[in-house]
Amino acid sequence: MIRAAFRSLAVLILALVAAVAARGEVYQEPGAFVAEVFGSTPAPKVLWLTKEIQAQAAEILGHPPAQLRQRYWSEGGKSVWILEETGKEELITAGFVVVDGRIDHARVLVYRESRGQEVRQSSFLKQFRDAKLSQGNRLDRGIDGIVGATLSVRAMERMARLALFFDRVSHG
Amino acid sequence: MKKSTQALTLATAFVAPPVLAQTVDQKLQILQQEIDDLKTQTRKSVPPAQQVWPYSPEYGLMLDRSSGLASGSTNIAGYGEARYSKFRQSGDATADLQRFVFGFNHRFDEGLTLHSEVEIEHAVVSSEDAGEAEIEQAWVNYRMSDAVNFKGGLFLIPIGILNETHEPPTYYGVQRNQVETRVIPTTWRELGVGTHGVFGEGFRYDVGVTTNFDSGKLDDPTTGIRSAHQEGQLANARDLAVYGALNYRRPGLLAGGGVFAGNTGQNGASNPALQGVAARFTMWDLHAQYRVAGLDLQALYAAGTLGDADKVTAALVAADPATALAAPKSMKGAYVQAAYHVYKQGNLDVAPFVRVERIDIKQQEDPANGLLQDPNNNERIKVAGVNVWVHPQVVLKADIQRYATDKTQDRFNLGLGFMF
C-alpha cells in the first residue's frame, strides 16, 4: 500500500514538474512593470520623506518606513509606486498605479513566501481598483481576506494605502 | 604664476555663464546618482547568502532601499493566547497563558527556506508542572515555482481549517473549536515529505507521505485518535501514512477538503499485542468559509475510522488493564459558524459570532473489562461570543459555551490573542 502510494506520489511529482514551466517568484520585474504602465520608462522621481510624511507613513504601515526617499514614476496624472512590505515572513514587492487619487491597478511583482500566493490572483487584486483614501488614510472600502494568507493580505492593504498617500503628498 | 592661475580659476568659476550653473534639483540628481553608485557597490560586496532574493543590485536600487533587501534572511514570527475561564457548575475559574509560540524562518537561497515554530504551553515547563515545550513545525521547503514546492521535516497536516491556520486572531472564540480539537487533532503535525503548490486561479494542492499515529499509545478516551499522536518524538515509523488536500481560495471564499490514511499498528513497537495488526486509520474532511458584506460563514465536516479497534482495545487491556480504554473506532464531527462585523472603525473591528458543534466518537467497548463508551463522546456544543480586534493582529475575545452532555464544561471565557 505504502509502496504504491510512493509510486503514485513520484509519478505525480514528475508530472507536475514536467507540466509546469519553471515559473519563478518574480512575476514581473519592477522595471518592466513601469515600462508597461507608461509605454516607456520615464525618469524616476524621488519623494523625500519629511518628518511629517514619515510619521503618517509609519501610522499606515505600523512601523517606520524603510527608506527616507521613495522613488516613483509619474507622467500625465498617472503615478507608479513600487513598494515592499513583509507578509508573514518575507517581503512582498508590489506595484501600484495611481490615477487621480485612485488606484488604477495593482500587481504583485515578487512573492517570496511558500504560502499565500493567492494575493497575486486577479480576483484579489481587483478589489483595489478605484480604491481611494478616506478618513485616517484608510481605504474607502473593505478588502476581503484570503484564508491562510491573512498577513499577506494585510501587507497588500497597507501598501495600497501608502501608495495613495505618497501620491497625494507628491502632488504637494 | 601658480597663484595667478588659481585666481583665474576662481574668477572663471564665479563668472561662469548661466548654462553651466546647477540648480538645486540638478545637484540633488548628482547626489542621488552618487548614492546609487555607492549602494550598488555595497550590494555587490554583500554575500548572496545574507541577502533576500532576488538580490541583484539593480533590483534593490530600483526600490531605493538602503538596507531592506540586504538584511533579514532570518526572521522571527509568533503568536500566543491567554484566557480566563469561569465554569458554570462548579464556580471554579482558571486563568492560563495557553500558549506562546515563536518561530524562526530562514532563507538559504532563492528556492530553499526553513520554517519553524516552537510552542510553550501553559507558561511553565517542568516535571512538576502542566506546561509543555514542543516543536510545532520544523521543515525545509524547496520552491521550484508557485506550482511545485517540495518540503521535508515536521510539518502540519492539511486537514481542516484550523490545523494550518490557527493563530488566535484568525478564528472566532476564545478556544479553538472542539471538532478541530477532538476529531481533527489540531495542531496535528507529522514528520515526512510532501509537495504542494498553487495552480489555476486559486487552487492549492498538498500531497505527501508522513509518519502516522501509533494506536498502542492511546491513553485518552475523549479525544478520538489524538492521544496516539507521535509529533516527531522518536516516532515509530514502521507504518507510514499518505495525505492529500485540495483547496480553492479566492477573496472571501475557501472551499476544500483533505484526506489522511495509513496503518497505526506500528507492528507492535509500543504494544507487542499489536504485532501484525494493521489498525488502519483514515480521516477526511470537507470545509468551507465564505465572507460577504461583513458576514463570515464557516462550516466543516470531518470523519475518521480506526480499523481493528477491537484488537487495539484488547492490546491496551493486555498492556495495562488499569489504564486501558475503549479504543475509538469511528469519529465524526461538524460545526457551522456565523459571525457579523457590526462595527469597524480604523483598527477596531467588532464581530459577534455563534457556533454550533457536534461531536460523535464511537468506541470499541469491552464490557468484560469494564471498558464502555464514554457518554461525553456524543456531544453538542453551542458557543456565542464576540471577537474584538484592536489591531488586525491583536484580538480580545469573550464567549459562553454550553455543552449538551458534559455540563461540567459549561463556561464563560475571556481571551487575548496576538500574532506577529
# chains A, B, ... in the order shown; residues from 1 in each chain; ligands from 1
>>> residues_around(residues="Ala324 of chain B", least_positions_apart="2", cutoff="9 Å", atoms="only C-alpha atoms", output="VMD selection string")
chain B and resid 218 to 219 313 to 322 326 to 327 371
>>> residues_around(residues="segment 300-302 of chain B", least_positions_apart="5", cutoff="7 Å", atoms="only C-alpha atoms", output="PyMOL selection string")
chain B and resi 284-288+332-336
>>> closest_atom_pairs(of="chain B", to="chain A", cutoff="6 Å", atoms="only C-alpha atoms", output="Markdown table")
| residue | atom | partner | partner_atom | distance |
| --- | --- | --- | --- | --- |
| B:Arg65 | CA | A:Gln67 | CA | 6.0 |
| B:Ser145 | CA | A:Arg23 | CA | 5.0 |
| B:Thr165 | CA | A:Gly148 | CA | 5.8 |
| B:Pro251 | CA | A:Ile146 | CA | 5.0 |
| B:Gly252 | CA | A:Asp144 | CA | 5.2 |
>>> write_last_selection(atoms="N, CA and C atoms", output="compact mmCIF listing (two decimals), in the first residue's frame")
# COMPACT_ATOMS: atom_id res chain seq x y z
N ARG B 65 15.98 51.07 -1.75
CA ARG B 65 16.17 50.65 -0.37
C ARG B 65 17.65 50.63 -0.06
N SER B 145 8.70 26.49 -8.21
CA SER B 145 7.82 27.53 -8.76
C SER B 145 6.63 27.61 -7.83
N THR B 165 -4.00 27.03 9.93
CA THR B 165 -4.18 28.46 10.21
C THR B 165 -4.83 28.58 11.59
N PRO B 251 -10.77 35.71 -2.71
CA PRO B 251 -11.10 36.64 -1.62
C PRO B 251 -12.47 36.34 -1.03
N GLY B 252 -12.49 36.11 0.26
CA GLY B 252 -13.74 35.86 0.96
C GLY B 252 -14.24 34.44 0.86
>>> select_by_dssp(residues="segment 40-142 of chain A", states="strand (DSSP E or B)", output="short mmCIF file (atom, residue, chain, number, x, y, z; two decimals) with C-alpha atoms, in the first residue's frame")
data_model
loop_
_atom_site.label_atom_id
_atom_site.label_comp_id
_atom_site.auth_asym_id
_atom_site.auth_seq_id
_atom_site.Cartn_x
_atom_site.Cartn_y
_atom_site.Cartn_z
CA LYS A 45 11.29 60.98 -9.40
CA VAL A 46 12.04 61.00 -5.73
CA LEU A 47 9.68 61.77 -2.90
CA TRP A 48 11.62 62.98 0.09
CA ARG A 69 13.39 58.70 -0.11
CA GLN A 70 10.75 56.95 -2.16
CA ARG A 71 11.39 56.57 -5.84
CA TYR A 72 8.37 56.78 -8.12
CA TRP A 73 7.46 57.38 -11.72
CA SER A 74 4.83 59.78 -12.92
CA GLU A 75 3.58 61.19 -16.18
CA LYS A 78 -0.53 58.83 -13.52
CA SER A 79 1.99 57.67 -10.94
CA VAL A 80 3.58 54.29 -10.25
CA TRP A 81 4.74 53.20 -6.80
CA ILE A 82 6.73 50.08 -6.24
CA LEU A 83 6.61 49.18 -2.59
CA GLU A 84 7.71 46.40 -0.31
CA GLU A 85 6.18 45.15 2.90
CA THR A 86 6.57 41.98 4.93
CA LEU A 91 8.90 40.95 1.78
CA ILE A 92 6.22 41.21 -0.85
CA THR A 93 7.04 43.53 -3.74
CA ALA A 94 4.02 45.12 -5.36
CA GLY A 95 3.37 47.82 -7.92
CA PHE A 96 0.52 50.29 -7.65
CA VAL A 97 -0.67 52.60 -10.40
CA VAL A 98 -2.47 55.68 -9.10
CA VAL A 99 -4.57 57.95 -11.31
CA ARG A 102 -7.44 56.31 -7.04
CA ILE A 103 -5.72 53.02 -7.60
CA ASP A 104 -5.94 52.18 -11.27
CA HIS A 105 -4.50 48.75 -10.76
CA ALA A 106 -2.16 46.80 -8.50
CA ARG A 107 0.12 43.89 -9.16
CA VAL A 108 2.26 41.58 -7.06
CA LEU A 109 5.68 41.68 -8.68
CA VAL A 110 7.63 39.41 -6.35
CA TYR A 111 6.26 36.97 -3.78
CA LYS A 132 -9.05 55.87 -2.70
CA LEU A 133 -8.08 57.16 0.70
CA SER A 134 -10.77 58.05 3.16
CA ARG A 138 -7.67 54.26 5.17
CA LEU A 139 -9.09 52.71 2.05
#
>>> atom_distance(atom1="atom CA of Thr210 of chain B", atom2="atom CA of Leu274 of chain B")
20.4 Å
>>> atom_distance(atom1="atom CA of Thr41 of chain A", atom2="atom CA of Glu110 of chain B")
27.7 Å
>>> atom_distance(atom1="atom CA of Arg238 of chain B", atom2="atom CA of Gly268 of chain B")
9.5 Å
>>> residues_around(residues="Met419 of chain B", least_positions_apart="6", cutoff="10 Å", atoms="only C-alpha atoms", output="list in words")
Lys88 and Leu151 of chain A; Ala77, Gly78, Tyr79, Gly80, Glu81, Phe100, Val101, Phe102, Glu167, Pro168, Pro169, Thr170, Pro392, Gln393, Val394 and Val395 of chain B
>>> residues_around(residues="segment 190-194 of chain B", least_positions_apart="4", cutoff="10 Å", atoms="only C-alpha atoms", output="number ranges by chain")
A: 9, 13; B: 136-141, 149-157, 206-213, 229-233, 235, 237, 240-244
